[in-house]
>>> print(open('my_file_10.csv').read())   # CSV, C-alpha atoms
chain,number,residue,atom,x,y,z
A,1,MET,CA,0.0,0.0,0.0
A,2,ALA,CA,2.8,2.4,0.9
A,3,GLU,CA,4.6,1.5,-2.4
A,4,GLU,CA,1.4,2.3,-4.4
A,5,LEU,CA,1.0,5.6,-2.6
A,6,LYS,CA,4.6,6.5,-3.4
A,7,LYS,CA,4.1,5.7,-7.1
A,8,MET,CA,0.9,7.7,-7.2
A,9,THR,CA,2.5,10.7,-5.5
A,10,GLY,CA,5.4,10.6,-8.0
A,11,ARG,CA,2.9,10.6,-10.9
A,12,VAL,CA,1.0,13.5,-9.5
A,13,GLN,CA,4.2,15.5,-8.9
A,14,SER,CA,5.5,14.8,-12.4
A,15,VAL,CA,2.2,16.0,-13.9
A,16,LYS,CA,2.2,19.0,-11.6
A,17,GLY,CA,5.9,19.8,-12.4
A,18,GLY,CA,5.5,19.0,-16.1
A,19,LYS,CA,7.3,16.5,-18.3
A,20,GLY,CA,8.7,14.4,-15.5
A,21,VAL,CA,11.4,16.8,-14.4
A,22,ASN,CA,12.2,16.4,-10.7
A,23,ASP,CA,13.4,19.4,-8.7
A,24,GLY,CA,15.6,20.8,-11.5
A,25,ASN,CA,17.9,17.8,-11.4
A,26,TYR,CA,20.6,18.3,-14.0
A,27,LYS,CA,20.3,14.8,-15.4
A,28,ASP,CA,16.5,15.3,-15.9
A,29,LEU,CA,16.9,18.7,-17.6
A,30,CYS,CA,19.9,18.0,-19.8
A,31,ILE,CA,19.6,16.2,-23.1
A,32,GLN,CA,23.1,14.6,-22.9
A,33,PRO,CA,24.2,15.0,-19.2
A,34,ASP,CA,27.2,12.7,-19.5
A,35,VAL,CA,28.8,14.4,-22.5
A,36,VAL,CA,31.9,16.4,-21.7
A,37,LEU,CA,33.3,18.8,-24.3
A,38,LEU,CA,37.0,18.9,-24.7
A,39,GLU,CA,38.7,21.6,-22.7
A,40,GLY,CA,39.2,24.6,-24.9
A,41,TYR,CA,36.5,23.5,-27.4
A,42,LYS,CA,34.6,26.5,-28.6
A,43,PRO,CA,31.3,25.7,-30.3
A,44,PRO,CA,30.8,27.5,-33.6
A,45,LYS,CA,28.4,30.3,-34.1
A,46,PHE,CA,25.2,28.7,-35.5
A,47,GLU,CA,22.6,30.2,-37.8
A,48,MET,CA,19.7,30.7,-35.4
A,49,PHE,CA,16.3,29.1,-36.2
A,50,ASP,CA,13.4,30.9,-34.7
A,51,GLY,CA,10.6,28.6,-35.9
A,52,THR,CA,10.2,30.2,-39.3
A,53,GLY,CA,11.9,29.2,-42.5
A,54,ASP,CA,12.8,25.7,-43.8
A,55,PRO,CA,13.7,23.3,-41.0
A,56,LYS,CA,15.6,21.0,-43.4
A,57,VAL,CA,17.9,23.9,-44.4
A,58,HIS,CA,18.5,24.7,-40.7
A,59,LEU,CA,19.4,21.1,-40.0
A,60,ARG,CA,21.9,21.0,-42.9
A,61,THR,CA,23.6,24.3,-42.0
A,62,TYR,CA,23.7,23.2,-38.3
A,63,CYS,CA,25.4,19.9,-39.1
A,64,ASP,CA,27.8,21.6,-41.5
A,65,LYS,CA,29.0,23.9,-38.7
A,66,LEU,CA,30.0,20.9,-36.5
A,67,ILE,CA,33.4,20.4,-38.1
A,68,GLY,CA,35.5,18.0,-36.1
A,69,VAL,CA,32.7,17.0,-33.7
A,70,GLY,CA,29.7,16.4,-36.0
A,71,LYS,CA,30.3,12.7,-36.2
A,72,ASN,CA,29.8,12.4,-32.4
A,73,GLU,CA,26.0,12.0,-32.1
A,74,GLN,CA,25.9,13.0,-28.4
A,75,ILE,CA,27.7,16.3,-29.0
A,76,ARG,CA,25.4,17.0,-32.0
A,77,MET,CA,22.4,16.4,-29.8
A,78,LYS,CA,23.9,18.5,-26.9
A,79,LEU,CA,24.7,21.6,-29.0
A,80,PHE,CA,21.5,21.6,-31.1
A,81,MET,CA,19.7,23.8,-28.5
A,82,ARG,CA,22.4,26.5,-29.2
A,83,SER,CA,21.0,26.9,-32.7
A,84,LEU,CA,17.5,27.7,-31.7
A,85,THR,CA,15.8,30.9,-30.6
A,86,LYS,CA,12.3,32.3,-30.0
A,87,ASN,CA,9.5,29.8,-30.8
A,88,ALA,CA,11.9,27.0,-31.8
A,89,LEU,CA,13.7,27.3,-28.5
A,90,SER,CA,10.4,27.4,-26.6
A,91,TRP,CA,9.4,24.2,-28.3
A,92,TYR,CA,12.7,22.5,-27.5
A,93,ILE,CA,12.6,23.5,-23.9
A,94,SER,CA,9.0,22.2,-23.5
A,95,GLN,CA,10.1,18.7,-24.6
A,96,ASN,CA,11.1,15.9,-22.3
A,97,PRO,CA,14.8,15.3,-23.2
A,98,LYS,CA,14.5,11.6,-22.3
A,99,LYS,CA,12.3,11.0,-25.4
A,100,TRP,CA,15.2,11.7,-27.7
A,101,THR,CA,17.5,8.7,-27.7
A,102,ASN,CA,19.5,9.6,-30.7
A,103,TRP,CA,20.1,12.4,-33.3
A,104,VAL,CA,17.6,11.0,-35.7
A,105,SER,CA,14.8,11.2,-33.1
A,106,ILE,CA,15.6,14.9,-32.5
A,107,ALA,CA,15.9,15.8,-36.2
A,108,SER,CA,12.7,13.9,-37.0
A,109,ASN,CA,10.7,15.5,-34.2
A,110,PHE,CA,12.1,18.9,-35.2
A,111,MET,CA,11.1,18.3,-38.9
A,112,ASP,CA,7.6,17.2,-37.9
A,113,ILE,CA,6.9,20.3,-35.8
A,114,PHE,CA,8.3,22.9,-38.2
A,115,ARG,CA,7.5,21.2,-41.5
A,116,PHE,CA,4.6,23.6,-42.2
A,117,ASN,CA,7.2,26.4,-42.6
A,118,LYS,CA,8.6,24.9,-45.7
A,119,GLU,CA,7.7,26.9,-48.8
A,120,ASN,CA,5.1,25.3,-51.0
A,121,VAL,CA,6.9,24.1,-54.0
A,122,PRO,CA,5.2,24.6,-57.3
A,123,ASP,CA,4.2,21.5,-59.3
A,124,VAL,CA,4.6,20.7,-63.0
A,125,PHE,CA,1.0,21.9,-63.7
A,126,TYR,CA,1.9,25.3,-62.3
A,127,ILE,CA,4.9,25.6,-64.6
A,128,GLN,CA,2.9,24.5,-67.6
A,129,ASN,CA,0.4,27.3,-66.9
A,130,LEU,CA,2.9,30.0,-66.1
A,131,LYS,CA,2.2,32.9,-68.5
A,132,ASN,CA,4.2,35.8,-69.5
A,133,MET,CA,2.9,38.9,-67.6
A,134,LEU,CA,2.3,42.0,-69.7
A,135,THR,CA,4.8,44.0,-67.7
A,136,GLU,CA,7.8,41.6,-68.2
A,137,THR,CA,10.0,41.2,-71.1
A,138,PHE,CA,10.6,37.8,-72.7
A,139,CYS,CA,14.0,37.6,-70.9
A,140,GLU,CA,12.4,38.4,-67.6
A,141,TYR,CA,9.7,35.8,-68.2
A,142,ALA,CA,12.3,33.1,-69.2
A,143,THR,CA,14.4,33.8,-66.1
A,144,HIS,CA,11.3,33.7,-63.9
A,145,TRP,CA,10.1,30.4,-65.6
A,146,ARG,CA,13.5,28.8,-65.1
A,147,SER,CA,13.6,29.8,-61.5
A,148,GLU,CA,10.2,28.2,-60.9
A,149,ALA,CA,11.1,25.1,-62.9
A,150,ALA,CA,14.3,24.6,-60.9
A,151,LYS,CA,12.1,24.5,-57.7
A,152,VAL,CA,10.0,21.8,-59.2
A,153,ARG,CA,13.0,19.8,-60.4
A,154,SER,CA,14.7,20.0,-57.0
A,155,SER,CA,11.5,19.0,-55.3
A,156,LEU,CA,11.2,15.9,-57.6
A,157,GLU,CA,14.8,15.0,-57.1
A,158,GLU,CA,14.4,15.2,-53.3
A,159,GLU,CA,11.3,13.1,-53.5
A,160,GLN,CA,13.2,10.4,-55.5
A,161,MET,CA,16.1,10.6,-53.0
A,162,ASN,CA,13.7,10.1,-50.1
A,163,LYS,CA,12.2,7.0,-51.8
A,164,PHE,CA,15.7,5.6,-52.4
A,165,PHE,CA,17.1,6.2,-48.8
A,166,PHE,CA,14.0,5.7,-46.7
>>> encode(input="my_file_10.csv", output="structure tokens")
Amino acid sequence: MAEELKKMTGRVQSVKGGKGVNDGNYKDLCIQPDVVLLEGYKPPKFEMFDGTGDPKVHLRTYCDKLIGVGKNEQIRMKLFMRSLTKNALSWYISQNPKKWTNWVSIASNFMDIFRFNKENVPDVFYIQNLKNMLTETFCEYATHWRSEAAKVRSSLEEEQMNKFFF
């Protein structure tokens, strides 16, 4: 009976305190509490993601900045928070760090949450129906058309790559 009461008290406290964090314990709050950065290591200055923009672009630029330590998944996970600001940082802080067991779980969760920010890519039908506006010259129209067509092509290539790798 005493054991059941203890379990129930713990559950109530975790709900009341939010996300299972107990008394500000470092191990409960930190995503990778056992990771120690080398003495003298200075993390790079990251491009900050505020919750707007393309999350995939952010993940790529973030990983590219991790020269020398990027292959270490734990360091990648630990430093990710330093690349977030505003709404993205609020989202990150509101998460239970124990749910992320590896880099893929963080990156996937991040993409799921901020996916709606990605620009809508035009499709082939849009390109087919793109007309020359009265105010633009043929050269301007051709440049505009090529720019839009490149978006469609990169979208199709990305779709094919995702089918291949996933």
>>> residues_near_point(input="my_file_10.csv", point="(15.7, 20.0, -29.1)", cutoff="8 Å", atoms="all atoms listed in the file", output="list in words")
Met77, Phe80, Met81, Leu89, Trp91, Tyr92, Ile93, Gln95, Pro97, Ile106 and Phe110 of chain A
>>> residues_around(input="my_file_10.csv", residues="Val124 (chain A)", least_positions_apart="2", cutoff="8 Å", atoms="all atoms listed in the file", output="PyMOL selection string")
chain A and resi 122+126-128+149+152
>>> atom_distance(input="my_file_10.csv", atom1="CA of Asp54 (chain A)", atom2="CA of Asn117 (chain A)")
5.8 Å
>>> residues_near_point(input="my_file_10.csv", point="(25.2, 13.4, -29.9)", cutoff="10 Å", atoms="all atoms listed in the file", output="VMD selection string")
chain A and resid 31 to 32 35 69 to 80 101 to 104
>>> atom_distance(input="my_file_10.csv", atom1="CA of Phe49 (chain A)", atom2="CA of Arg146 (chain A)")
29.0 Å
>>> closest_residue(input="my_file_10.csv", among="A:Ile113, A:Leu84, A:Leu134, A:Ala150", to="His58 (chain A)", atoms="all atoms listed in the file")
A:Leu84
>>> residues_around(input="my_file_10.csv", residues="Phe114 (chain A)", least_positions_apart="4", cutoff="9 Å", atoms="all atoms listed in the file", output="list in words")
Gly51, Thr52, Gly53, Asp54, Pro55, Ala88, Asn109, Phe110 and Lys118 of chain A
>>> write_last_selection(input="my_file_10.csv", atoms="C-alpha atoms", output="mmCIF file, in the coordinates of the input")
data_model
loop_
_atom_site.group_PDB
_atom_site.id
_atom_site.type_symbol
_atom_site.label_atom_id
_atom_site.label_comp_id
_atom_site.auth_asym_id
_atom_site.auth_seq_id
_atom_site.Cartn_x
_atom_site.Cartn_y
_atom_site.Cartn_z
ATOM 1 C CA GLY A 51 10.600 28.600 -35.900
ATOM 2 C CA THR A 52 10.200 30.200 -39.300
ATOM 3 C CA GLY A 53 11.900 29.200 -42.500
ATOM 4 C CA ASP A 54 12.800 25.700 -43.800
ATOM 5 C CA PRO A 55 13.700 23.300 -41.000
ATOM 6 C CA ALA A 88 11.900 27.000 -31.800
ATOM 7 C CA ASN A 109 10.700 15.500 -34.200
ATOM 8 C CA PHE A 110 12.100 18.900 -35.200
ATOM 9 C CA LYS A 118 8.600 24.900 -45.700
#
>>> atom_distance(input="my_file_10.csv", atom1="CA of Asn96 (chain A)", atom2="CA of Ser108 (chain A)")
14.9 Å
>>> closest_residue(input="my_file_10.csv", among="A:Val57, A:Asp50, A:Asp112, A:Asn132", to="Ser90 (chain A)", atoms="only C-alpha atoms")
A:Asp50
>>> closest_residue(input="my_file_10.csv", among="A:Lys131, A:Arg115, A:Lys45, A:Lys99", to="Cys63 (chain A)", atoms="only C-alpha atoms")
A:Lys45
